[in-house]
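Peer 1: my_file-v2.txt is reproduced below (compact mmCIF, C-alpha atoms and all ligand atoms).
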# COMPACT_ATOMS: atom_id res chain seq x y z
CA MET Q 1 70.12 32.33 -71.79
CA ALA Q 2 70.57 31.18 -75.36
CA TYR Q 3 67.87 28.88 -76.65
CA LYS Q 4 69.29 25.43 -77.32
CA GLY Q 5 66.21 23.54 -78.49
CA LEU Q 6 63.51 21.42 -76.92
CA ILE Q 7 65.52 18.64 -75.31
CA ASP Q 8 67.61 21.19 -73.48
CA LYS Q 9 64.63 23.31 -72.45
CA TYR Q 10 62.35 20.51 -71.21
CA SER Q 11 64.86 17.77 -70.37
CA SER Q 12 63.42 16.98 -66.94
CA LEU Q 13 59.94 16.47 -68.40
CA LEU Q 14 60.88 14.17 -71.28
CA ASP Q 15 61.20 10.46 -70.68
CA LEU Q 16 64.32 9.79 -72.75
CA PRO Q 17 66.96 7.09 -72.14
CA ALA Q 18 70.31 8.08 -70.64
CA HIS Q 19 72.08 7.21 -73.91
CA THR Q 20 70.23 10.02 -75.77
CA ARG Q 21 72.64 12.38 -77.58
CA PRO Q 22 70.83 15.63 -78.33
CA VAL Q 23 70.55 16.63 -81.98
CA SER Q 24 68.71 19.90 -82.41
CA LEU Q 25 67.91 22.50 -85.04
CA LEU Q 26 66.57 24.82 -82.31
CA GLU Q 27 63.06 23.63 -83.08
CA GLY Q 28 59.97 24.61 -81.09
CA ASN Q 29 59.47 27.97 -79.38
CA THR Q 30 56.83 28.75 -82.02
CA PRO Q 31 54.53 31.76 -81.62
CA LEU Q 32 50.98 31.65 -80.30
CA ILE Q 33 49.31 34.23 -82.49
CA PRO Q 34 45.99 35.92 -81.65
CA VAL Q 35 43.68 35.81 -84.69
CA ASP Q 36 41.01 38.38 -83.83
CA ARG Q 37 39.80 39.14 -87.34
CA LEU Q 38 39.23 35.45 -87.98
CA SER Q 39 37.51 34.89 -84.62
CA GLN Q 40 35.14 37.79 -85.30
CA GLN Q 41 34.11 36.11 -88.54
CA LEU Q 42 33.34 32.88 -86.71
CA GLY Q 43 31.44 34.15 -83.68
CA GLU Q 44 31.40 36.39 -80.63
CA GLY Q 45 32.76 36.50 -77.12
CA PHE Q 46 35.68 34.13 -77.41
CA GLU Q 47 39.45 34.30 -77.81
CA LEU Q 48 41.19 32.42 -80.61
CA LEU Q 49 44.94 31.82 -80.92
CA VAL Q 50 46.95 29.93 -83.52
CA LYS Q 51 50.09 28.02 -82.64
CA PHE Q 52 51.99 28.37 -85.90
CA GLU Q 53 54.00 25.18 -86.11
CA GLY Q 54 54.95 25.90 -89.71
CA LEU Q 55 57.71 28.07 -88.24
CA ASN Q 56 59.71 25.05 -87.11
CA PRO Q 57 63.07 24.46 -88.88
CA THR Q 58 61.72 22.14 -91.57
CA GLY Q 59 58.36 23.88 -91.78
CA SER Q 60 56.21 21.55 -89.71
CA PHE Q 61 55.39 20.37 -86.19
CA LYS Q 62 57.20 17.09 -86.86
CA ASP Q 63 60.52 18.63 -85.76
CA ARG Q 64 59.45 18.48 -82.10
CA GLY Q 65 59.26 14.71 -82.10
CA MET Q 66 62.11 14.26 -84.53
CA THR Q 67 64.71 15.98 -82.34
CA THR Q 68 63.97 13.40 -79.63
CA ALA Q 69 63.61 10.34 -81.91
CA ILE Q 70 66.84 11.05 -83.80
CA SER Q 71 68.72 11.92 -80.61
CA GLU Q 72 67.74 8.58 -79.10
CA ALA Q 73 68.59 6.71 -82.31
CA LEU Q 74 72.03 8.35 -82.47
CA GLY Q 75 72.77 7.59 -78.83
CA ARG Q 76 71.71 3.98 -79.29
CA GLY Q 77 74.20 3.60 -82.12
CA SER Q 78 71.76 3.44 -85.04
CA LYS Q 79 73.31 4.24 -88.40
CA THR Q 80 70.12 4.48 -90.45
CA VAL Q 81 66.56 5.67 -89.78
CA ILE Q 82 63.43 4.93 -91.77
CA CYS Q 83 59.88 6.23 -91.94
CA ALA Q 84 56.72 6.16 -93.99
CA SER Q 85 55.35 9.59 -94.65
CA THR Q 86 52.78 11.78 -96.32
CA GLY Q 87 55.68 14.24 -96.58
CA ASN Q 88 56.37 16.28 -93.46
CA THR Q 89 57.78 13.41 -91.41
CA ALA Q 90 60.03 12.54 -94.35
CA ALA Q 91 61.49 16.05 -94.58
CA SER Q 92 61.95 16.30 -90.82
CA ALA Q 93 63.52 12.84 -90.45
CA ALA Q 94 65.88 13.56 -93.34
CA ALA Q 95 67.00 16.89 -91.88
CA TYR Q 96 67.62 15.62 -88.35
CA ALA Q 97 69.31 12.46 -89.65
CA SER Q 98 71.72 14.59 -91.67
CA ARG Q 99 72.44 16.79 -88.68
CA ALA Q 100 73.20 13.64 -86.67
CA GLY Q 101 75.33 12.10 -89.41
CA LEU Q 102 72.84 9.27 -89.97
CA LYS Q 103 71.36 7.91 -93.18
CA SER Q 104 67.64 8.22 -93.79
CA ILE Q 105 65.24 6.24 -95.94
CA VAL Q 106 61.72 7.58 -96.51
CA LEU Q 107 58.76 5.78 -98.10
CA ILE Q 108 56.06 7.98 -99.60
CA PRO Q 109 52.80 7.29 -101.42
CA GLN Q 110 53.41 7.76 -105.14
CA GLY Q 111 52.33 11.14 -106.51
CA LYS Q 112 50.61 12.23 -103.29
CA VAL Q 113 53.30 14.24 -101.56
CA ALA Q 114 53.35 18.04 -101.83
CA THR Q 115 56.28 19.66 -103.64
CA GLY Q 116 57.79 21.43 -100.63
CA LYS Q 117 57.95 18.19 -98.66
CA LEU Q 118 59.37 15.99 -101.40
CA SER Q 119 62.01 18.56 -102.30
CA GLY Q 120 62.88 18.86 -98.60
CA ALA Q 121 63.42 15.13 -98.22
CA ILE Q 122 65.62 15.17 -101.33
CA VAL Q 123 67.74 18.19 -100.47
CA TYR Q 124 68.38 16.91 -96.93
CA GLY Q 125 69.76 13.77 -98.54
CA ALA Q 126 67.24 11.03 -97.80
CA GLN Q 127 66.88 7.96 -99.96
CA VAL Q 128 63.36 8.65 -101.19
CA ILE Q 129 61.28 5.67 -102.30
CA GLN Q 130 57.79 5.96 -103.77
CA ILE Q 131 55.31 3.19 -103.01
CA ASP Q 132 52.68 2.18 -105.50
CA GLY Q 133 50.19 2.28 -102.64
CA SER Q 134 49.01 4.41 -99.74
CA PHE Q 135 50.69 5.82 -96.64
CA ASP Q 136 49.15 2.94 -94.70
CA ASP Q 137 50.85 0.40 -97.01
CA ALA Q 138 54.15 2.24 -96.58
CA LEU Q 139 53.81 2.25 -92.79
CA THR Q 140 53.23 -1.51 -92.73
CA MET Q 141 56.38 -1.97 -94.80
CA VAL Q 142 58.65 0.19 -92.64
CA VAL Q 143 57.44 -1.52 -89.46
CA GLU Q 144 58.32 -4.91 -90.96
CA ILE Q 145 61.70 -3.84 -92.32
CA SER Q 146 62.73 -2.23 -89.03
CA GLU Q 147 61.95 -5.49 -87.23
CA LYS Q 148 64.13 -7.41 -89.68
CA TYR Q 149 67.14 -5.07 -89.96
CA PRO Q 150 68.99 -2.74 -87.58
CA ILE Q 151 67.20 0.34 -88.88
CA CYS Q 152 65.51 2.73 -86.46
CA LEU Q 153 61.84 3.46 -87.13
CA VAL Q 154 61.04 7.15 -86.61
CA ASN Q 155 57.30 7.19 -87.28
CA SER Q 156 55.18 8.24 -84.30
CA ILE Q 157 54.84 4.61 -83.21
CA ASN Q 158 58.32 5.35 -81.84
CA PRO Q 159 57.61 6.51 -78.24
CA TYR Q 160 60.35 9.15 -78.33
CA ARG Q 161 58.45 10.98 -81.08
CA ILE Q 162 55.59 11.43 -78.62
CA GLU Q 163 57.95 12.59 -75.86
CA GLY Q 164 59.25 15.45 -78.00
CA GLN Q 165 55.86 16.30 -79.41
CA LYS Q 166 54.46 16.85 -75.89
CA THR Q 167 56.45 20.09 -75.77
CA GLY Q 168 53.79 21.81 -77.88
CA ALA Q 169 51.41 21.52 -74.92
CA PHE Q 170 54.10 22.68 -72.49
CA GLU Q 171 54.77 25.80 -74.55
CA ILE Q 172 51.08 26.70 -74.71
CA CYS Q 173 50.76 26.43 -70.93
CA ASP Q 174 53.99 28.41 -70.43
CA THR Q 175 52.69 31.22 -72.64
CA LEU Q 176 49.13 31.36 -71.29
CA ASP Q 177 49.95 30.27 -67.70
CA HIS Q 178 47.12 27.77 -68.10
CA ALA Q 179 45.77 25.29 -70.63
CA PRO Q 180 43.16 26.74 -73.01
CA ASP Q 181 39.52 25.66 -72.80
CA TRP Q 182 39.69 23.94 -76.18
CA LEU Q 183 42.48 22.71 -78.42
CA CYS Q 184 41.68 22.12 -82.10
CA LEU Q 185 44.01 20.18 -84.36
CA PRO Q 186 44.10 18.00 -87.48
CA VAL Q 187 44.33 14.23 -87.05
CA GLY Q 188 46.13 11.92 -89.47
CA ASN Q 189 48.16 9.11 -87.95
CA ALA Q 190 47.12 10.50 -84.54
CA GLY Q 191 50.57 10.99 -83.02
CA ASN Q 192 50.10 14.71 -82.45
CA ILE Q 193 46.74 14.50 -80.67
CA THR Q 194 48.10 11.69 -78.47
CA ALA Q 195 51.16 13.75 -77.58
CA TYR Q 196 49.30 16.99 -76.86
CA TRP Q 197 46.97 15.17 -74.49
CA ALA Q 198 49.89 13.48 -72.71
CA GLY Q 199 51.65 16.85 -72.44
CA PHE Q 200 48.66 18.70 -71.02
CA LYS Q 201 48.02 15.93 -68.48
CA GLN Q 202 51.66 15.89 -67.39
CA TYR Q 203 51.79 19.68 -66.94
CA ASP Q 204 48.48 19.69 -65.10
CA ALA Q 205 49.72 17.04 -62.66
CA LEU Q 206 52.88 19.07 -62.00
CA TYR Q 207 51.69 22.66 -62.13
CA ALA Q 208 47.86 22.53 -62.00
CA THR Q 209 47.58 24.17 -65.43
CA GLY Q 210 44.30 22.42 -66.28
CA ARG Q 211 43.36 20.41 -69.35
CA PRO Q 212 41.67 21.48 -72.55
CA GLN Q 213 38.81 19.76 -74.30
CA ILE Q 214 40.22 18.40 -77.55
CA LEU Q 215 38.64 18.77 -80.98
CA GLY Q 216 40.39 16.44 -83.43
CA VAL Q 217 39.58 16.98 -87.08
CA GLN Q 218 39.89 14.55 -89.99
CA ALA Q 219 39.20 15.13 -93.68
CA ALA Q 220 35.87 13.62 -94.71
CA GLY Q 221 37.47 11.36 -97.35
CA SER Q 222 39.99 10.06 -94.80
CA ALA Q 223 38.02 9.84 -91.59
CA PRO Q 224 38.48 6.36 -90.09
CA LEU Q 225 38.07 7.61 -86.53
CA VAL Q 226 34.75 9.24 -87.33
CA LEU Q 227 33.47 6.30 -89.38
CA GLY Q 228 34.67 3.75 -86.84
CA HIS Q 229 36.55 1.61 -89.35
CA PRO Q 230 39.68 1.83 -91.53
CA VAL Q 231 39.37 3.57 -94.90
CA GLU Q 232 40.88 1.48 -97.70
CA ASN Q 233 41.37 4.27 -100.24
CA PRO Q 234 41.58 7.55 -98.34
CA GLU Q 235 41.28 10.71 -100.42
CA THR Q 236 41.58 14.39 -99.58
CA VAL Q 237 43.14 17.57 -100.87
CA ALA Q 238 44.89 17.70 -97.49
CA THR Q 239 47.44 15.05 -98.49
CA ALA Q 240 49.24 15.30 -95.14
CA ILE Q 241 46.27 13.60 -93.45
CA ARG Q 242 45.40 11.19 -96.26
CA ILE Q 243 45.61 8.28 -93.83
CA GLY Q 244 43.10 5.41 -93.56
CA LYS Q 245 44.47 3.40 -90.63
CA PRO Q 246 45.91 5.71 -87.96
CA ALA Q 247 48.61 3.97 -85.92
CA ARG Q 248 47.50 5.74 -82.75
CA GLY Q 249 43.80 5.78 -83.57
CA ASP Q 250 42.74 4.18 -80.28
CA GLU Q 251 44.68 6.80 -78.33
CA ALA Q 252 43.02 9.57 -80.33
CA LEU Q 253 39.57 8.20 -79.51
CA GLU Q 254 40.54 7.87 -75.87
CA THR Q 255 41.79 11.48 -75.87
CA ALA Q 256 38.47 12.70 -77.24
CA LEU Q 257 36.59 10.76 -74.58
CA GLU Q 258 38.84 11.62 -71.64
CA SER Q 259 39.04 15.31 -72.52
CA ASN Q 260 35.31 15.57 -73.05
CA GLY Q 261 36.03 16.58 -76.63
CA ARG Q 262 35.38 14.87 -79.96
CA ILE Q 263 36.72 13.87 -83.34
CA ILE Q 264 34.86 15.15 -86.37
CA ALA Q 265 35.28 15.31 -90.14
CA VAL Q 266 35.20 18.32 -92.47
CA SER Q 267 34.98 18.49 -96.26
CA ASP Q 268 37.85 19.49 -98.53
CA ASP Q 269 35.89 22.67 -99.35
CA GLU Q 270 35.73 23.61 -95.69
CA ILE Q 271 39.48 23.02 -95.35
CA LEU Q 272 40.36 25.16 -98.37
CA THR Q 273 37.95 27.91 -97.31
CA MET Q 274 39.64 28.07 -93.92
CA GLN Q 275 43.09 28.06 -95.51
CA LYS Q 276 42.06 31.12 -97.51
CA MET Q 277 40.43 32.86 -94.52
CA LEU Q 278 43.57 32.47 -92.42
CA ALA Q 279 45.73 33.87 -95.20
CA GLN Q 280 43.43 36.73 -96.18
CA LEU Q 281 42.21 37.79 -92.74
CA GLU Q 282 45.37 37.16 -90.75
CA GLY Q 283 48.36 36.86 -93.08
CA LEU Q 284 48.95 33.27 -92.01
CA TRP Q 285 49.58 30.79 -94.81
CA VAL Q 286 49.30 27.19 -93.70
CA GLU Q 287 49.10 24.02 -95.73
CA PRO Q 288 45.62 22.53 -96.24
CA ALA Q 289 45.85 19.86 -93.50
CA SER Q 290 46.92 22.54 -91.07
CA ALA Q 291 43.71 24.47 -91.63
CA ALA Q 292 41.62 21.41 -90.73
CA GLY Q 293 41.54 22.09 -86.98
CA LEU Q 294 40.12 25.56 -87.51
CA ALA Q 295 37.79 24.30 -90.25
CA GLY Q 296 36.45 21.85 -87.68
CA LEU Q 297 35.92 24.65 -85.18
CA ALA Q 298 34.06 26.73 -87.79
CA HIS Q 299 31.97 23.66 -88.66
CA GLU Q 300 30.94 23.09 -85.05
CA ILE Q 301 30.17 26.78 -84.47
CA SER Q 302 27.93 27.00 -87.52
CA ALA Q 303 26.17 23.78 -86.53
CA GLY Q 304 25.42 25.42 -83.16
CA LYS Q 305 27.41 22.75 -81.32
CA PHE Q 306 29.84 25.05 -79.60
CA SER Q 307 29.19 27.45 -76.79
CA LEU Q 308 31.83 30.10 -77.33
CA LYS Q 309 31.19 32.56 -74.55
CA GLY Q 310 34.34 33.29 -72.54
CA GLN Q 311 36.21 30.43 -74.14
CA ARG Q 312 39.89 30.55 -74.95
CA ILE Q 313 40.58 28.34 -77.94
CA VAL Q 314 43.96 27.37 -79.37
CA ALA Q 315 44.28 25.88 -82.86
CA ILE Q 316 47.41 24.02 -83.89
CA CYS Q 317 48.43 24.91 -87.44
CA THR Q 318 50.81 22.08 -88.13
CA GLY Q 319 52.63 23.00 -91.34
CA HIS Q 320 53.62 26.00 -93.45
CA GLY Q 321 51.73 26.91 -96.61
CA LEU Q 322 55.00 26.95 -98.56
CA LYS Q 323 55.01 23.16 -98.26
CA ASP Q 324 52.22 22.93 -100.80
CA PRO Q 325 52.32 25.90 -103.19
CA ASP Q 326 50.71 23.90 -106.01
CA ILE Q 327 47.36 23.82 -104.26
CA ILE Q 328 47.29 27.61 -104.69
CA THR Q 329 48.93 28.03 -108.08
CA ASN Q 330 46.93 25.25 -109.76
CA ALA Q 331 43.68 26.94 -108.78
CA MET Q 332 44.65 30.57 -109.31
CA VAL Q 333 43.68 32.98 -112.01
CA LYS Q 334 46.98 34.01 -113.59
CA PRO Q 335 47.88 37.56 -112.51
CA GLN Q 336 47.05 40.03 -115.24
CA ILE Q 337 49.73 41.49 -117.49
CA ILE Q 338 49.69 45.17 -118.41
CA ALA Q 339 51.83 47.49 -120.50
CA ALA Q 340 54.79 49.06 -118.67
CA LYS Q 341 52.98 52.41 -118.60
CA LEU Q 342 51.74 54.47 -115.63
CA GLU Q 343 48.29 55.00 -117.20
CA ALA Q 344 47.84 51.26 -117.60
CA LEU Q 345 48.67 50.76 -113.92
CA GLU Q 346 46.32 53.58 -112.86
CA SER Q 347 43.47 52.11 -114.77
CA VAL Q 348 43.79 48.61 -113.28
CA ILE Q 349 44.18 49.71 -109.65
CA GLN Q 350 41.32 52.27 -109.72
CA SER Q 351 39.21 50.34 -107.23
CA SER Q 352 42.06 50.23 -104.65
CA LEU Q 353 42.90 53.94 -104.80
C1 LIG V 1 50.71 19.26 -91.71
O1 LIG V 1 54.28 13.42 -92.42
O2 LIG V 1 51.65 11.66 -91.12
O3 LIG V 1 47.87 12.97 -86.57
O4 LIG V 1 53.86 11.31 -92.58
O5 LIG V 1 51.84 16.70 -91.98
O6 LIG V 1 50.23 13.24 -85.81
O7 LIG V 1 49.72 12.16 -87.99
C2 LIG V 1 51.83 14.00 -91.36
C3 LIG V 1 50.78 14.35 -90.59
C4 LIG V 1 48.69 17.18 -89.48
C5 LIG V 1 48.62 14.84 -88.79
N1 LIG V 1 49.17 18.21 -90.18
O8 LIG V 1 49.37 14.58 -87.64
C6 LIG V 1 53.56 12.45 -92.21
C7 LIG V 1 52.28 12.64 -91.52
C8 LIG V 1 50.22 18.06 -91.00
C9 LIG V 1 50.81 16.80 -91.16
C10 LIG V 1 49.21 15.91 -89.61
C11 LIG V 1 50.28 15.71 -90.45
P1 LIG V 1 49.29 13.16 -86.95
When written as structure tokens, how does the structure in this file appear?
Peer 2:
Amino acid sequence: MAYKGLIDKYSSLLDLPAHTRPVSLLEGNTPLIPVDRLSQQLGEGFELLVKFEGLNPTGSFKDRGMTTAISEALGRGSKTVICASTGNTAASAAAYASRAGLKSIVLIPQGKVATGKLSGAIVYGAQVIQIDGSFDDALTMVVEISEKYPICLVNSINPYRIEGQKTGAFEICDTLDHAPDWLCLPVGNAGNITAYWAGFKQYDALYATGRPQILGVQAAGSAPLVLGHPVENPETVATAIRIGKPARGDEALETALESNGRIIAVSDDEILTMQKMLAQLEGLWVEPASAAGLAGLAHEISAGKFSLKGQRIVAICTGHGLKDPDIITNAMVKPQIIAAKLEALESVIQSSL
């Protein structure tokens, strides 16, 4: 049967109001890719798989929750949606709003949104507004404005975002026939970790698929859940998770506790090293924030805090590397230029022959 998107596929498992009018870009259904060369670098005796969420229609995991949030907003009669965003939510909201015939307004922190996300929001037709402040400031503003005007808020405070996002957990259980032992993922505003946990619990209650332990990973310069207090001026190269006051922070902490997992922080260096390892060992290019879950796993393994034997571990890679090409090109050595002569080519590729 033809694939019609997440609402169609999992309708009976998603708590959506009757007025919901499905708007889909055939999101979800992303591959769970074994990464054996990477796992061998990290340790022995375990299985590692990457759920590559960068293959969603707008290049990030946000599309799972946006199909549901926009579908509900459309059915309710909303004309305009709004969100604060570090970039991926903005692009996703803008795309789904256009597909639904709605207007979208996105607030982003000035100068801190990667090129592929900003250009997405613009091409999909959003009204893009930069805030002279952080994501957290922008989120406060959109919450207030959506209480004052008939504009639908589509940040992950919106419960329908979580409903759609749960499908990531369903897909993993469908593919593996069981939940993995561990799930590793980056944590920013903490919608994704909240949704995965809800999804695994729901599937386990219905089909006895089990529950993973959850490893949530923040960037060290933006790690409110590790520090135990909000971070006023969050900083990290992983701009997607440059968030100091996660809206669903309490739920993330509860998830760590309930799942017998934990939330940790990794440095920007660890994140960029893992981004490179994934690309150069496996051919998977993810944006920096998306490498954080695996960077956290590597961190725990090298600290001797992880017993790997017989474990099946799934890492969620949340966004595509093409979202943030500048992080690569700004740091690269410019490719060499040679004469258009065979001898010149032979001499520079000697070591690869
Ligand atoms: C690639 O787009 O918050 O913990 O405004 O883009 O559910 O917030 C993005 C977050 C991880 C963290 N990886 O997820 C936004 C935004 C990527 C992201 C996260 C984000 P949450």
Peer 1: Neighbours of ligand LIG 1 (chain V) at 7 Å or closer, counting all atoms listed in the file: which residues, as a list in words?
Peer 2: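 Protein and nucleic-acid residues within 7 Å of ligand LIG 1 (chain V): Ser60, Ala84, Ser85, Thr86, Gly87, Asn88, Thr89, Ala90, Pro186, Val187, Gly188, Asn189, Ala190, Gly191, Asn192, Ile193, Ala240, Ile241, Glu287, Ala289, Ser290, Thr318 and Gly319 of chain Q.
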Peer 1: Show me a table, sorted first by chain and then by increasing residue number, of the residues of range 107-219 of chain Q having an atom at most 12 Å from range 294-309 of chain Q, each with its shortest atom pair and the distance in Å to one decimal, counting all atoms listed in the file and written as a tab-separated table.
Peer 2:
residue	atom	partner	partner_atom	distance
Q:Asp181	CA	Q:Leu308	CA	10.0
Q:Trp182	CA	Q:Leu297	CA	9.8
Q:Leu183	CA	Q:Leu297	CA	9.6
Q:Cys184	CA	Q:Leu294	CA	6.6
Q:Leu185	CA	Q:Leu294	CA	7.3
Q:Pro186	CA	Q:Leu294	CA	8.5
Q:Val187	CA	Q:Gly296	CA	11.0
Q:Gln213	CA	Q:Phe306	CA	11.7
Q:Ile214	CA	Q:Leu297	CA	10.8
Q:Leu215	CA	Q:Gly296	CA	7.7
Q:Gly216	CA	Q:Gly296	CA	7.9
Q:Val217	CA	Q:Gly296	CA	5.8
Q:Gln218	CA	Q:Gly296	CA	8.4
Q:Ala219	CA	Q:Gly296	CA	9.4
Peer 1: Go ahead and dump the residues you just picked, C-alpha atoms, as a PDB file, keeping the file's coordinate frame.
Peer 2:
ATOM      1  CA  ASP Q 181      39.520  25.660 -72.800  1.00  0.00           C
ATOM      2  CA  TRP Q 182      39.690  23.940 -76.180  1.00  0.00           C
ATOM      3  CA  LEU Q 183      42.480  22.710 -78.420  1.00  0.00           C
ATOM      4  CA  CYS Q 184      41.680  22.120 -82.100  1.00  0.00           C
ATOM      5  CA  LEU Q 185      44.010  20.180 -84.360  1.00  0.00           C
ATOM      6  CA  PRO Q 186      44.100  18.000 -87.480  1.00  0.00           C
ATOM      7  CA  VAL Q 187      44.330  14.230 -87.050  1.00  0.00           C
ATOM      8  CA  GLN Q 213      38.810  19.760 -74.300  1.00  0.00           C
ATOM      9  CA  ILE Q 214      40.220  18.400 -77.550  1.00  0.00           C
ATOM     10  CA  LEU Q 215      38.640  18.770 -80.980  1.00  0.00           C
ATOM     11  CA  GLY Q 216      40.390  16.440 -83.430  1.00  0.00           C
ATOM     12  CA  VAL Q 217      39.580  16.980 -87.080  1.00  0.00           C
ATOM     13  CA  GLN Q 218      39.890  14.550 -89.990  1.00  0.00           C
ATOM     14  CA  ALA Q 219      39.200  15.130 -93.680  1.00  0.00           C
TER      15      ALA Q 219
END
Peer 1: Around (61.5, 16.8, -72.5), as given in the file, which residues come within 12 Å? Count only C-alpha atoms and list them as number ranges by chain.
Peer 2: Q: 5-17, 20, 22, 28, 64-65, 67-69, 71, 160-171, 195, 199, 202-203
Peer 1: Near Gln110 in chain Q, counting only C-alpha atoms, which residues have an atom at most 7 Å away, once you skip same-chain residues fewer than 3 positions from it, shown as a ChimeraX atom specification?
Peer 2: /Q:130-133
Peer 1: Q:Thr236, Q:Pro288, Q:Ala138, Q:Trp197: which is nearest Ala252 in chain Q, counting all atoms listed in the file?
Peer 2: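 Selected residue with least distance to Ala252 in chain Q: Q:Trp197.
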Peer 1: Near Glu53 in chain Q, counting all atoms listed in the file, which residues have an atom at most 10 Å away, once you skip same-chain residues fewer than 3 positions from it, shown as an MDAnalysis selection string?
Peer 2: chainID Q and resid 27:32 50 56:64 168 286 290 316:320
Peer 1: For CA of His19 in chain Q and CA of Arg99 in chain Q, determine how far apart the two atoms are, in Å to one decimal place.
Peer 2: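 Pair CA of His19 in chain Q / CA of Arg99 in chain Q returns 17.6 Å.
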Peer 1: Give me, please, the distance in Å between CA of Gln311 in chain Q and CA of Glu47 in chain Q, quoted to one decimal.
Peer 2: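 Atom-to-atom, CA of Gln311 in chain Q and CA of Glu47 in chain Q are spaced 6.2 Å apart.
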Peer 1: Go through Q:Val154, Q:Val35, Q:Ala73, Q:Ala91 and flag the residue nearest Lys117 in chain Q, using all atoms listed in the file for the distances.
Peer 2: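 Among the listed residues, the smallest separation from Lys117 in chain Q belongs to Q:Ala91.
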Peer 1: Distance CA of Ala265 in chain Q-CA of Ala220 in chain Q, one decimal place?
Peer 2: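 Going from CA of Ala265 in chain Q over to CA of Ala220 in chain Q, I get 4.9 Å.
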Peer 1: Rebuild range 47-59 of chain Q so that it carries N, CA, C and O atoms, then output the result as a PDB file, in the coordinates of the input.
Peer 2:
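What follows is the written file out.pdb:
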ATOM      1  N   GLU Q  47      38.086  33.946 -77.419  1.00  0.00           N
ATOM      2  CA  GLU Q  47      39.450  34.300 -77.810  1.00  0.00           C
ATOM      3  C   GLU Q  47      40.027  33.140 -78.621  1.00  0.00           C
ATOM      4  O   GLU Q  47      39.917  31.982 -78.215  1.00  0.00           O
ATOM      5  N   LEU Q  48      40.636  33.466 -79.748  1.00  0.00           N
ATOM      6  CA  LEU Q  48      41.190  32.420 -80.610  1.00  0.00           C
ATOM      7  C   LEU Q  48      42.668  32.712 -80.886  1.00  0.00           C
ATOM      8  O   LEU Q  48      43.043  33.832 -81.242  1.00  0.00           O
ATOM      9  N   LEU Q  49      43.493  31.687 -80.687  1.00  0.00           N
ATOM     10  CA  LEU Q  49      44.940  31.820 -80.920  1.00  0.00           C
ATOM     11  C   LEU Q  49      45.417  30.661 -81.787  1.00  0.00           C
ATOM     12  O   LEU Q  49      44.937  29.534 -81.646  1.00  0.00           O
ATOM     13  N   VAL Q  50      46.372  30.957 -82.658  1.00  0.00           N
ATOM     14  CA  VAL Q  50      46.950  29.930 -83.520  1.00  0.00           C
ATOM     15  C   VAL Q  50      48.383  29.654 -83.100  1.00  0.00           C
ATOM     16  O   VAL Q  50      49.195  30.583 -82.987  1.00  0.00           O
ATOM     17  N   LYS Q  51      48.683  28.395 -82.851  1.00  0.00           N
ATOM     18  CA  LYS Q  51      50.090  28.020 -82.640  1.00  0.00           C
ATOM     19  C   LYS Q  51      50.636  27.647 -84.007  1.00  0.00           C
ATOM     20  O   LYS Q  51      50.237  26.650 -84.606  1.00  0.00           O
ATOM     21  N   PHE Q  52      51.546  28.498 -84.505  1.00  0.00           N
ATOM     22  CA  PHE Q  52      51.990  28.370 -85.900  1.00  0.00           C
ATOM     23  C   PHE Q  52      53.212  27.458 -85.982  1.00  0.00           C
ATOM     24  O   PHE Q  52      54.358  27.899 -85.948  1.00  0.00           O
ATOM     25  N   GLU Q  53      52.943  26.187 -86.103  1.00  0.00           N
ATOM     26  CA  GLU Q  53      54.000  25.180 -86.110  1.00  0.00           C
ATOM     27  C   GLU Q  53      54.764  25.112 -87.429  1.00  0.00           C
ATOM     28  O   GLU Q  53      55.802  24.460 -87.520  1.00  0.00           O
ATOM     29  N   GLY Q  54      54.232  25.803 -88.438  1.00  0.00           N
ATOM     30  CA  GLY Q  54      54.950  25.900 -89.710  1.00  0.00           C
ATOM     31  C   GLY Q  54      56.266  26.645 -89.581  1.00  0.00           C
ATOM     32  O   GLY Q  54      57.093  26.630 -90.492  1.00  0.00           O
ATOM     33  N   LEU Q  55      56.471  27.322 -88.437  1.00  0.00           N
ATOM     34  CA  LEU Q  55      57.710  28.070 -88.240  1.00  0.00           C
ATOM     35  C   LEU Q  55      58.830  27.236 -87.630  1.00  0.00           C
ATOM     36  O   LEU Q  55      59.873  27.761 -87.250  1.00  0.00           O
ATOM     37  N   ASN Q  56      58.628  25.933 -87.534  1.00  0.00           N
ATOM     38  CA  ASN Q  56      59.710  25.050 -87.110  1.00  0.00           C
ATOM     39  C   ASN Q  56      60.764  24.930 -88.224  1.00  0.00           C
ATOM     40  O   ASN Q  56      60.485  25.263 -89.381  1.00  0.00           O
ATOM     41  N   PRO Q  57      61.966  24.431 -87.901  1.00  0.00           N
ATOM     42  CA  PRO Q  57      63.070  24.460 -88.880  1.00  0.00           C
ATOM     43  C   PRO Q  57      62.781  23.810 -90.228  1.00  0.00           C
ATOM     44  O   PRO Q  57      63.246  24.300 -91.257  1.00  0.00           O
ATOM     45  N   THR Q  58      62.021  22.717 -90.260  1.00  0.00           N
ATOM     46  CA  THR Q  58      61.720  22.140 -91.570  1.00  0.00           C
ATOM     47  C   THR Q  58      60.289  22.464 -92.007  1.00  0.00           C
ATOM     48  O   THR Q  58      59.762  21.860 -92.938  1.00  0.00           O
ATOM     49  N   GLY Q  59      59.663  23.400 -91.335  1.00  0.00           N
ATOM     50  CA  GLY Q  59      58.360  23.880 -91.780  1.00  0.00           C
ATOM     51  C   GLY Q  59      57.157  23.116 -91.267  1.00  0.00           C
ATOM     52  O   GLY Q  59      56.046  23.342 -91.732  1.00  0.00           O
TER      53      GLY Q  59
END
